[in-house]
Structure formats: structure tokens, C-alpha cells
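A.B. asks: entry39.cif is the file, holding mmCIF, C-alpha atoms:
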data_target
#
loop_
_atom_site.group_PDB
_atom_site.id
_atom_site.type_symbol
_atom_site.label_atom_id
_atom_site.label_comp_id
_atom_site.auth_asym_id
_atom_site.auth_seq_id
_atom_site.Cartn_x
_atom_site.Cartn_y
_atom_site.Cartn_z
ATOM 1 C CA MET A 1 -32.295 -17.889 -53.894
ATOM 2 C CA ILE A 2 -29.295 -20.014 -53.073
ATOM 3 C CA ARG A 3 -26.956 -17.158 -53.945
ATOM 4 C CA ARG A 4 -28.996 -14.752 -51.813
ATOM 5 C CA SER A 5 -28.908 -17.186 -48.882
ATOM 6 C CA LEU A 6 -25.156 -17.514 -49.223
ATOM 7 C CA LEU A 7 -24.762 -13.752 -49.222
ATOM 8 C CA LEU A 8 -26.958 -13.414 -46.119
ATOM 9 C CA SER A 9 -25.013 -16.176 -44.376
ATOM 10 C CA ALA A 10 -21.721 -14.507 -45.224
ATOM 11 C CA ALA A 11 -23.005 -11.181 -43.882
ATOM 12 C CA ALA A 12 -24.140 -12.862 -40.679
ATOM 13 C CA VAL A 13 -20.735 -14.474 -40.209
ATOM 14 C CA LEU A 14 -19.006 -11.118 -40.709
ATOM 15 C CA MET A 15 -21.324 -9.430 -38.197
ATOM 16 C CA LEU A 16 -20.709 -12.140 -35.600
ATOM 17 C CA ALA A 17 -16.962 -11.898 -36.163
ATOM 18 C CA ALA A 18 -17.084 -8.135 -35.733
ATOM 19 C CA CYS A 19 -19.081 -8.446 -32.511
ATOM 20 C CA GLY A 20 -16.682 -11.058 -31.253
ATOM 21 C CA GLN A 21 -13.717 -8.815 -31.975
ATOM 22 C CA GLY A 22 -15.433 -5.919 -30.180
ATOM 23 C CA ALA A 23 -16.122 -8.044 -27.113
ATOM 24 C CA GLU A 24 -12.583 -9.371 -27.169
ATOM 25 C CA LYS A 25 -11.200 -5.842 -27.419
ATOM 26 C CA LYS A 26 -13.289 -4.670 -24.450
ATOM 27 C CA ALA A 27 -12.359 -7.700 -22.354
ATOM 28 C CA GLY A 28 -8.686 -7.268 -23.135
ATOM 29 C CA ALA A 29 -8.615 -3.487 -22.761
ATOM 30 C CA ALA A 30 -5.497 -2.100 -21.133
ATOM 31 C CA PRO A 31 -6.036 -1.163 -17.467
ATOM 32 C CA LEU A 32 -5.911 2.401 -16.203
ATOM 33 C CA LEU A 33 -2.287 2.821 -15.097
ATOM 34 C CA VAL A 34 -2.061 4.725 -11.811
ATOM 35 C CA GLY A 35 1.205 5.966 -10.277
ATOM 36 C CA ALA A 36 1.331 6.171 -6.486
ATOM 37 C CA THR A 37 3.614 6.066 -3.471
ATOM 38 C CA ALA A 38 3.338 2.903 -1.394
ATOM 39 C CA VAL A 39 1.696 4.133 1.811
ATOM 40 C CA PRO A 40 -1.104 5.092 2.018
ATOM 41 C CA HIS A 41 -1.828 5.763 -1.661
ATOM 42 C CA ALA A 42 -1.220 2.303 -3.133
ATOM 43 C CA GLU A 43 -2.991 0.704 -0.159
ATOM 44 C CA ILE A 44 -6.046 2.889 -0.753
ATOM 45 C CA LEU A 45 -5.968 2.086 -4.466
ATOM 46 C CA GLU A 46 -6.048 -1.627 -3.641
ATOM 47 C CA VAL A 47 -9.342 -0.971 -1.847
ATOM 48 C CA VAL A 48 -10.895 0.651 -4.930
ATOM 49 C CA LYS A 49 -9.711 -2.093 -7.306
ATOM 50 C CA PRO A 50 -12.724 -4.389 -6.698
ATOM 51 C CA ILE A 51 -15.118 -1.408 -6.700
ATOM 52 C CA LEU A 52 -13.932 -0.425 -10.180
ATOM 53 C CA ALA A 53 -13.774 -4.026 -11.395
ATOM 54 C CA VAL A 54 -17.556 -4.232 -10.924
ATOM 55 C CA GLU A 55 -17.844 -1.187 -13.199
ATOM 56 C CA GLY A 56 -15.588 -2.764 -15.816
ATOM 57 C CA VAL A 57 -12.679 -0.408 -15.113
ATOM 58 C CA PRO A 58 -9.493 -2.400 -14.376
ATOM 59 C CA ILE A 59 -6.614 -0.469 -12.811
ATOM 60 C CA GLU A 60 -2.916 -1.255 -12.522
ATOM 61 C CA ILE A 61 -0.918 0.368 -9.721
ATOM 62 C CA LYS A 62 2.691 1.390 -10.284
ATOM 63 C CA VAL A 63 4.443 2.175 -6.999
ATOM 64 C CA PHE A 64 7.120 4.874 -6.757
ATOM 65 C CA ASN A 65 9.475 5.776 -3.916
ATOM 66 C CA ASP A 66 9.942 9.397 -4.957
ATOM 67 C CA TYR A 67 7.812 12.433 -5.787
ATOM 68 C CA VAL A 68 9.296 13.325 -9.189
ATOM 69 C CA GLN A 69 8.892 10.312 -11.481
ATOM 70 C CA PRO A 70 5.112 9.927 -11.014
ATOM 71 C CA ASN A 71 4.632 13.395 -12.519
ATOM 72 C CA VAL A 72 7.321 12.987 -15.177
ATOM 73 C CA GLN A 73 5.795 9.721 -16.370
ATOM 74 C CA LEU A 74 2.272 11.156 -16.288
ATOM 75 C CA SER A 75 3.429 14.081 -18.425
ATOM 76 C CA GLU A 76 5.049 11.655 -20.851
ATOM 77 C CA LYS A 77 1.858 9.555 -21.014
ATOM 78 C CA ARG A 78 3.562 6.538 -19.480
ATOM 79 C CA LEU A 79 0.927 6.789 -16.734
ATOM 80 C CA ASP A 80 -2.756 7.621 -17.079
ATOM 81 C CA VAL A 81 -3.102 9.330 -13.677
ATOM 82 C CA ASN A 82 -1.249 9.568 -10.390
ATOM 83 C CA TYR A 83 -2.227 9.852 -6.761
ATOM 84 C CA PHE A 84 0.382 10.996 -4.238
ATOM 85 C CA GLN A 85 0.652 14.790 -4.069
ATOM 86 C CA THR A 86 -0.715 18.074 -2.762
ATOM 87 C CA LYS A 87 -1.691 20.963 -5.021
ATOM 88 C CA PRO A 88 1.223 23.206 -3.893
ATOM 89 C CA TYR A 89 3.645 20.449 -4.896
ATOM 90 C CA LEU A 90 1.856 19.981 -8.223
ATOM 91 C CA ASP A 91 1.920 23.729 -8.889
ATOM 92 C CA GLU A 92 5.659 23.794 -8.179
ATOM 93 C CA PHE A 93 6.255 20.868 -10.559
ATOM 94 C CA ASN A 94 4.191 22.441 -13.341
ATOM 95 C CA ILE A 95 6.108 25.711 -13.100
ATOM 96 C CA ALA A 96 9.539 24.072 -12.898
ATOM 97 C CA ARG A 97 8.919 21.581 -15.722
ATOM 98 C CA GLY A 98 6.582 23.585 -17.956
ATOM 99 C CA ALA A 99 3.905 20.934 -17.456
ATOM 100 C CA ASP A 100 0.131 21.306 -17.339
ATOM 101 C CA LEU A 101 -0.969 18.483 -15.044
ATOM 102 C CA LEU A 102 -4.147 19.177 -13.107
ATOM 103 C CA THR A 103 -6.105 17.966 -10.094
ATOM 104 C CA VAL A 104 -9.167 15.768 -10.563
ATOM 105 C CA ALA A 105 -10.346 15.035 -7.006
ATOM 106 C CA GLY A 106 -9.115 15.638 -3.468
ATOM 107 C CA VAL A 107 -8.959 12.384 -1.529
ATOM 108 C CA HIS A 108 -7.229 12.743 1.835
ATOM 109 C CA VAL A 109 -4.955 14.776 4.107
ATOM 110 C CA GLU A 110 -1.717 13.434 5.600
ATOM 111 C CA PRO A 111 -0.749 15.660 8.547
ATOM 112 C CA LEU A 112 2.965 16.536 8.442
ATOM 113 C CA GLY A 113 4.862 15.731 11.643
ATOM 114 C CA ILE A 114 8.015 16.537 13.611
ATOM 115 C CA TYR A 115 9.755 13.343 14.781
ATOM 116 C CA SER A 116 12.756 12.481 16.924
ATOM 117 C CA LYS A 117 14.483 9.304 18.071
ATOM 118 C CA LYS A 118 16.616 11.228 20.585
ATOM 119 C CA HIS A 119 14.129 13.531 22.306
ATOM 120 C CA THR A 120 10.642 12.896 23.651
ATOM 121 C CA THR A 121 9.328 16.468 23.630
ATOM 122 C CA LEU A 122 9.828 19.648 21.661
ATOM 123 C CA ALA A 123 11.171 21.338 24.786
ATOM 124 C CA ALA A 124 13.910 18.698 25.039
ATOM 125 C CA ILE A 125 15.345 19.566 21.616
ATOM 126 C CA PRO A 126 18.663 21.257 22.546
ATOM 127 C CA ASN A 127 20.267 24.453 21.349
ATOM 128 C CA GLY A 128 22.111 23.955 18.072
ATOM 129 C CA ALA A 129 20.128 20.800 17.277
ATOM 130 C CA GLN A 130 20.256 19.414 13.760
ATOM 131 C CA VAL A 131 16.808 19.361 12.145
ATOM 132 C CA VAL A 132 16.106 17.765 8.766
ATOM 133 C CA LEU A 133 13.486 19.124 6.359
ATOM 134 C CA PRO A 134 12.147 17.805 3.019
ATOM 135 C CA ASN A 135 14.074 19.463 0.195
ATOM 136 C CA ASP A 136 11.271 20.190 -2.292
ATOM 137 C CA ALA A 137 9.990 23.754 -2.133
ATOM 138 C CA SER A 138 6.363 23.075 -1.205
ATOM 139 C CA ASN A 139 7.244 20.671 1.615
ATOM 140 C CA THR A 140 10.116 22.840 2.884
ATOM 141 C CA GLY A 141 7.723 25.751 3.290
ATOM 142 C CA ARG A 142 5.117 23.513 4.864
ATOM 143 C CA ALA A 143 7.700 22.117 7.311
ATOM 144 C CA LEU A 144 8.810 25.600 8.317
ATOM 145 C CA LEU A 145 5.204 26.578 9.004
ATOM 146 C CA LEU A 146 4.872 23.490 11.210
ATOM 147 C CA LEU A 147 8.062 24.401 13.117
ATOM 148 C CA GLN A 148 6.706 27.912 13.578
ATOM 149 C CA GLY A 149 3.420 26.538 14.889
ATOM 150 C CA ALA A 150 5.394 24.399 17.327
ATOM 151 C CA GLY A 151 7.136 27.534 18.648
ATOM 152 C CA LEU A 152 10.631 26.591 17.491
ATOM 153 C CA ILE A 153 11.068 29.413 14.955
ATOM 154 C CA THR A 154 9.239 32.414 13.544
ATOM 155 C CA LEU A 155 8.985 33.352 9.874
ATOM 156 C CA ARG A 156 8.977 36.728 8.158
ATOM 157 C CA ASP A 157 5.656 35.976 6.468
ATOM 158 C CA PRO A 158 3.622 33.498 8.560
ATOM 159 C CA SER A 159 1.154 32.904 5.716
ATOM 160 C CA ASN A 160 3.615 32.131 2.899
ATOM 161 C CA SER A 161 3.608 28.405 2.143
ATOM 162 C CA LEU A 162 6.729 28.554 -0.049
ATOM 163 C CA GLN A 163 9.227 30.004 2.410
ATOM 164 C CA THR A 164 12.802 28.793 2.717
ATOM 165 C CA VAL A 165 15.206 28.701 5.637
ATOM 166 C CA ARG A 166 16.364 32.146 4.498
ATOM 167 C CA ASP A 167 12.936 33.444 5.527
ATOM 168 C CA ILE A 168 13.386 32.484 9.188
ATOM 169 C CA ALA A 169 13.060 35.636 11.285
ATOM 170 C CA THR A 170 13.960 34.204 14.702
ATOM 171 C CA ASN A 171 15.584 30.925 15.694
ATOM 172 C CA PRO A 172 15.932 31.038 19.509
ATOM 173 C CA LYS A 173 17.603 27.629 19.805
ATOM 174 C CA GLY A 174 19.971 28.192 16.893
ATOM 175 C CA LEU A 175 18.647 25.117 15.128
ATOM 176 C CA LYS A 176 20.740 23.915 12.184
ATOM 177 C CA PHE A 177 18.665 22.888 9.185
ATOM 178 C CA GLN A 178 19.506 20.305 6.551
ATOM 179 C CA GLU A 179 17.296 19.742 3.513
ATOM 180 C CA VAL A 180 17.071 16.144 2.282
ATOM 181 C CA GLU A 181 14.952 14.226 -0.224
ATOM 182 C CA ALA A 182 11.698 13.409 1.571
ATOM 183 C CA ALA A 183 11.841 9.650 0.946
ATOM 184 C CA THR A 184 15.220 9.270 2.676
ATOM 185 C CA ILE A 185 14.417 11.211 5.856
ATOM 186 C CA PRO A 186 13.045 8.280 7.931
ATOM 187 C CA ARG A 187 16.292 6.362 7.377
ATOM 188 C CA ILE A 188 18.454 9.147 8.798
ATOM 189 C CA LEU A 189 16.094 10.085 11.637
ATOM 190 C CA PRO A 190 18.192 8.237 14.290
ATOM 191 C CA GLN A 191 21.261 10.280 13.291
ATOM 192 C CA VAL A 192 19.733 13.735 13.829
ATOM 193 C CA ASP A 193 17.930 15.530 16.634
ATOM 194 C CA ALA A 194 14.641 15.934 14.810
ATOM 195 C CA ALA A 195 13.114 15.707 11.350
ATOM 196 C CA VAL A 196 9.960 16.792 9.598
ATOM 197 C CA ILE A 197 8.533 13.779 7.785
ATOM 198 C CA ASN A 198 5.668 13.373 5.320
ATOM 199 C CA THR A 199 3.085 10.962 6.692
ATOM 200 C CA ASN A 200 3.284 8.515 3.776
ATOM 201 C CA TYR A 201 7.000 7.997 4.415
ATOM 202 C CA ALA A 202 6.479 7.966 8.190
ATOM 203 C CA LEU A 203 3.900 5.186 7.881
ATOM 204 C CA ASP A 204 6.096 3.284 5.443
ATOM 205 C CA ALA A 205 8.890 3.398 8.047
ATOM 206 C CA GLY A 206 6.647 2.046 10.801
ATOM 207 C CA LEU A 207 6.166 5.350 12.610
ATOM 208 C CA LYS A 208 2.786 6.128 14.164
ATOM 209 C CA PRO A 209 2.062 9.816 13.632
ATOM 210 C CA LYS A 210 -0.539 10.166 16.400
ATOM 211 C CA THR A 211 1.794 8.787 19.077
ATOM 212 C CA ASP A 212 5.326 9.221 17.676
ATOM 213 C CA ALA A 213 5.178 12.777 16.342
ATOM 214 C CA LEU A 214 6.269 15.544 18.718
ATOM 215 C CA SER A 215 4.015 17.894 16.768
ATOM 216 C CA LEU A 216 1.483 17.161 14.042
ATOM 217 C CA GLU A 217 -0.558 19.279 11.649
ATOM 218 C CA GLY A 218 -4.227 19.491 12.527
ATOM 219 C CA ALA A 219 -7.161 18.047 10.626
ATOM 220 C CA ASP A 220 -7.707 21.476 9.102
ATOM 221 C CA SER A 221 -4.498 21.222 7.053
ATOM 222 C CA PRO A 222 -5.005 22.627 3.529
ATOM 223 C CA TYR A 223 -2.560 20.083 2.079
ATOM 224 C CA VAL A 224 -5.013 17.656 0.469
ATOM 225 C CA ASN A 225 -3.647 14.744 -1.590
ATOM 226 C CA TYR A 226 -5.154 14.667 -5.090
ATOM 227 C CA LEU A 227 -5.807 12.339 -7.963
ATOM 228 C CA VAL A 228 -4.005 14.048 -10.865
ATOM 229 C CA ALA A 229 -4.431 13.738 -14.632
ATOM 230 C CA ARG A 230 -3.610 15.544 -17.885
ATOM 231 C CA PRO A 231 -5.880 17.947 -19.793
ATOM 232 C CA ASP A 232 -6.367 15.329 -22.526
ATOM 233 C CA ASN A 233 -7.746 12.655 -20.178
ATOM 234 C CA GLN A 234 -9.195 14.434 -17.146
ATOM 235 C CA ASN A 235 -12.747 13.766 -18.388
ATOM 236 C CA ASP A 236 -12.095 10.164 -19.402
ATOM 237 C CA PRO A 237 -14.986 8.140 -17.852
ATOM 238 C CA ARG A 238 -12.440 5.717 -16.348
ATOM 239 C CA VAL A 239 -10.623 8.580 -14.614
ATOM 240 C CA GLN A 240 -13.901 9.959 -13.298
ATOM 241 C CA ALA A 241 -14.887 6.486 -12.085
ATOM 242 C CA LEU A 242 -11.600 6.250 -10.174
ATOM 243 C CA ALA A 243 -12.158 9.713 -8.680
ATOM 244 C CA ASN A 244 -15.638 8.736 -7.493
ATOM 245 C CA ALA A 245 -14.357 5.470 -6.016
ATOM 246 C CA LEU A 246 -11.545 7.221 -4.140
ATOM 247 C CA ARG A 247 -14.092 9.585 -2.575
ATOM 248 C CA SER A 248 -16.608 6.850 -1.771
ATOM 249 C CA GLN A 249 -17.826 6.031 1.722
ATOM 250 C CA ALA A 250 -16.112 2.645 1.506
ATOM 251 C CA VAL A 251 -12.734 4.340 1.088
ATOM 252 C CA LYS A 252 -13.463 6.883 3.839
ATOM 253 C CA ASP A 253 -14.323 4.026 6.205
ATOM 254 C CA PHE A 254 -11.129 2.164 5.255
ATOM 255 C CA ILE A 255 -8.986 5.259 5.868
ATOM 256 C CA ALA A 256 -10.583 5.895 9.266
ATOM 257 C CA LYS A 257 -10.094 2.293 10.397
ATOM 258 C CA LYS A 258 -6.673 1.608 8.866
ATOM 259 C CA TYR A 259 -4.794 4.800 9.730
ATOM 260 C CA ASP A 260 -6.386 5.911 13.005
ATOM 261 C CA GLY A 261 -6.097 9.640 12.339
ATOM 262 C CA ALA A 262 -2.721 9.541 10.586
ATOM 263 C CA VAL A 263 -4.607 9.923 7.304
ATOM 264 C CA ILE A 264 -7.851 11.903 7.172
ATOM 265 C CA PRO A 265 -10.468 11.803 4.361
ATOM 266 C CA ALA A 266 -10.771 15.139 2.563
ATOM 267 C CA ALA A 267 -13.975 17.096 3.053
#
Please rewrite the model in this file as C-alpha cells.

C.D. replies:
Amino acid sequence: MIRRSLLLSAAAVLMLAACGQGAEKKAGAAPLLVGATAVPHAEILEVVKPILAVEGVPIEIKVFNDYVQPNVQLSEKRLDVNYFQTKPYLDEFNIARGADLLTVAGVHVEPLGIYSKKHTTLAAIPNGAQVVLPNDASNTGRALLLLQGAGLITLRDPSNSLQTVRDIATNPKGLKFQEVEAATIPRILPQVDAAVINTNYALDAGLKPKTDALSLEGADSPYVNYLVARPDNQNDPRVQALANALRSQAVKDFIAKKYDGAVIPAA
């Protein structure tokens, strides 16, 4: 009987130890690592942090100041997901890099804008003006479509979202275009006549799209910003929890209040 009691006690100790290790493992689980640009993506992620904490899903936000590394590091599994880009940009990256990243959930739209520190209206932009565009293919095409909508140029194919400056059909003012990395455009804005700037970088530079932009994409823009994952983790419950939190009413209310139309929740 004594031997049996000792065996039962030993088994109980082992079971308790195993349970303790399991609880410790869960409590110390690595957080979901999310890559994002600073504004508005990282700010929005800070809002969902406490929402996910209640569900037992900790997240860690890694902020980037470019559009390439968040996808590179996601592909290399140095990130779990990222949140900063539109689907056309993602498609371009996948083709160029042979990657297979995919969208999980559309979160918001950031209307692209034309800005100037030298001129207060589109009409005031002079002949031969220097205009800066983002240099990645998806945003270059998007910028050209915006310039066409503003009446500054016309394009050979008005519906093609991946056009280049070589596809400009008419340029009445003889505008001179320079393509620059998107993140650096706000810094050189004072040196040029006008520039097309992505809203996240405009906000980060203290610009107010609704009042500072000479022309701004409408709320019907198809360029939704997505939460992006890999095929091997797209259905991870933690990723799905993050997707649901990003599309929650709490986040929609935050976006509406914080950004005053410069960022618009996706439908």
C-alpha cells in the first residue's frame, strides 16, 4: 500500500509539473510580430493591442520607414504579418520577388494626394513645373491616375493602374516628372512645385490631407490597405483575431475621430 501511495504521489507531482509547464509556456508565448509603417498603421495597431490582450493574443509592433522590408521580412518569417500596403503593391512585390504573400483583411483607405508648398491651387502650377511621384510601380500608376483626374495630364489607357510616365498621352503644361522613394517625398516637397504623397507619409510629416492637398482621391478609392500574411499562417487563430480586431467598430470609430477623413475605414 505504501509503495502504491508513493507511485500515485509521484504521478500526481508529474502531472502538476506538466500542467505548470503548460501554463508557463502559454503565459510566456511569443507575441504576434506585426510589421507596419508608423502612421496610421502602427497607431491603429496600438488601439487593437488591449482588445487582443483580453483574448490572450499579445502583439508586438515593428515600425518600418519603407515599403520593401516589411514584405521581405514577412517572406523570411522574421515577421508574422504586416499591415501597410494595398493589393496592387503586394501583387507587384510578389511578382518581382517570386513571393506568395496574401491578403487577410482590408482595413482602411488612405486617399493619395497632390501637395505643394509653392502653389495654393492646381491652376497655379506653372508650365514646366517639377512634379515628384512615388517610384514604385503601383504608386506611380496610381499617382498618374490622380494627376489625370485633376486635369493636369491624360493617359493612353485611363483604366490601367500600372502606367508609367511613358504612358502619358498629353501634358499641356509640360510638367517634368521625377520618381522618388515614397518615404522621402515629404522632405523634398519644399524644393519642388508639387508632389504626389501617400497619406501615411503625409500624416507623418504633419500634413493634413483634407486641407493641405490640392487634389485628393475620393472615398471610393480601390486602394485598400490590407493585413497581409503567408500561406502557412493565414488561418492561424491569432492572425484571424488580429484581422477581426482591425475591422472592429472600435477601430472604425478611432479612425473616424483621429484622422478626420484622411484615413477611411474599408467597407

A.B. asks: Could the residues of segment 35-130 of chain A that have an atom at most 12 Å from segment 253-258 of chain A be listed as a Markdown table, each with its closest atom pair and the distance in Å to one decimal, counting only C-alpha atoms and ordered by chain and ascending residue number?

C.D. replies:
| residue | atom | partner | partner_atom | distance |
| --- | --- | --- | --- | --- |
| A:Val39 | CA | A:Lys258 | CA | 11.2 |
| A:Pro40 | CA | A:Ile255 | CA | 8.8 |
| A:His41 | CA | A:Ile255 | CA | 10.4 |
| A:Glu43 | CA | A:Ile255 | CA | 9.6 |
| A:Ile44 | CA | A:Ile255 | CA | 7.6 |
| A:Leu45 | CA | A:Phe254 | CA | 11.0 |
| A:Glu46 | CA | A:Phe254 | CA | 10.9 |
| A:Val47 | CA | A:Phe254 | CA | 8.0 |
| A:Val48 | CA | A:Phe254 | CA | 10.3 |
| A:Val107 | CA | A:Ile255 | CA | 10.3 |
| A:His108 | CA | A:Ile255 | CA | 8.7 |
| A:Val109 | CA | A:Ile255 | CA | 10.5 |
| A:Glu110 | CA | A:Ile255 | CA | 10.9 |

A.B. asks: Measuring between only C-alpha atoms, which one of A:Ser75, A:Ala99, A:Val132, A:Pro88 shows the shortest distance to Glu179 of chain A?

C.D. replies: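 Among the listed residues, A:Val132 lies closest to Glu179 of chain A.
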
A.B. asks: Taking the file above as input, evaluate the PyMOL selection byres ((chain A and resi 215-225) around 9) and report the hits as number ranges by chain.

C.D. replies: A: 83-88, 105-115, 121-122, 142, 146-147, 149-150, 209-210, 212-214, 226-227, 261, 264-266

A.B. asks: Export, as a PDB file, in the coordinates of the input, the selected residues with C-alpha atoms.

C.D. replies:
ATOM      1  CA  TYR A  83      -2.227   9.852  -6.761  1.00  0.00           C
ATOM      2  CA  PHE A  84       0.382  10.996  -4.238  1.00  0.00           C
ATOM      3  CA  GLN A  85       0.652  14.790  -4.069  1.00  0.00           C
ATOM      4  CA  THR A  86      -0.715  18.074  -2.762  1.00  0.00           C
ATOM      5  CA  LYS A  87      -1.691  20.963  -5.021  1.00  0.00           C
ATOM      6  CA  PRO A  88       1.223  23.206  -3.893  1.00  0.00           C
ATOM      7  CA  ALA A 105     -10.346  15.035  -7.006  1.00  0.00           C
ATOM      8  CA  GLY A 106      -9.115  15.638  -3.468  1.00  0.00           C
ATOM      9  CA  VAL A 107      -8.959  12.384  -1.529  1.00  0.00           C
ATOM     10  CA  HIS A 108      -7.229  12.743   1.835  1.00  0.00           C
ATOM     11  CA  VAL A 109      -4.955  14.776   4.107  1.00  0.00           C
ATOM     12  CA  GLU A 110      -1.717  13.434   5.600  1.00  0.00           C
ATOM     13  CA  PRO A 111      -0.749  15.660   8.547  1.00  0.00           C
ATOM     14  CA  LEU A 112       2.965  16.536   8.442  1.00  0.00           C
ATOM     15  CA  GLY A 113       4.862  15.731  11.643  1.00  0.00           C
ATOM     16  CA  ILE A 114       8.015  16.537  13.611  1.00  0.00           C
ATOM     17  CA  TYR A 115       9.755  13.343  14.781  1.00  0.00           C
ATOM     18  CA  THR A 121       9.328  16.468  23.630  1.00  0.00           C
ATOM     19  CA  LEU A 122       9.828  19.648  21.661  1.00  0.00           C
ATOM     20  CA  ARG A 142       5.117  23.513   4.864  1.00  0.00           C
ATOM     21  CA  LEU A 146       4.872  23.490  11.210  1.00  0.00           C
ATOM     22  CA  LEU A 147       8.062  24.401  13.117  1.00  0.00           C
ATOM     23  CA  GLY A 149       3.420  26.538  14.889  1.00  0.00           C
ATOM     24  CA  ALA A 150       5.394  24.399  17.327  1.00  0.00           C
ATOM     25  CA  PRO A 209       2.062   9.816  13.632  1.00  0.00           C
ATOM     26  CA  LYS A 210      -0.539  10.166  16.400  1.00  0.00           C
ATOM     27  CA  ASP A 212       5.326   9.221  17.676  1.00  0.00           C
ATOM     28  CA  ALA A 213       5.178  12.777  16.342  1.00  0.00           C
ATOM     29  CA  LEU A 214       6.269  15.544  18.718  1.00  0.00           C
ATOM     30  CA  TYR A 226      -5.154  14.667  -5.090  1.00  0.00           C
ATOM     31  CA  LEU A 227      -5.807  12.339  -7.963  1.00  0.00           C
ATOM     32  CA  GLY A 261      -6.097   9.640  12.339  1.00  0.00           C
ATOM     33  CA  ILE A 264      -7.851  11.903   7.172  1.00  0.00           C
ATOM     34  CA  PRO A 265     -10.468  11.803   4.361  1.00  0.00           C
ATOM     35  CA  ALA A 266     -10.771  15.139   2.563  1.00  0.00           C
TER      36      ALA A 266
END

A.B. asks: Return the single residue from A:Thr170, A:Val228, A:Asp136, A:Ala194 that is closest to Gly35 of chain A, with distances computed using only C-alpha atoms.

C.D. replies: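 For Gly35 of chain A, the nearest of the candidates is A:Val228.
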
A.B. asks: Counting only C-alpha atoms, which of A:Ala123, A:Leu175, A:Leu162, A:Ala202 gets nearest to Tyr89 of chain A?

C.D. replies: A:Leu162
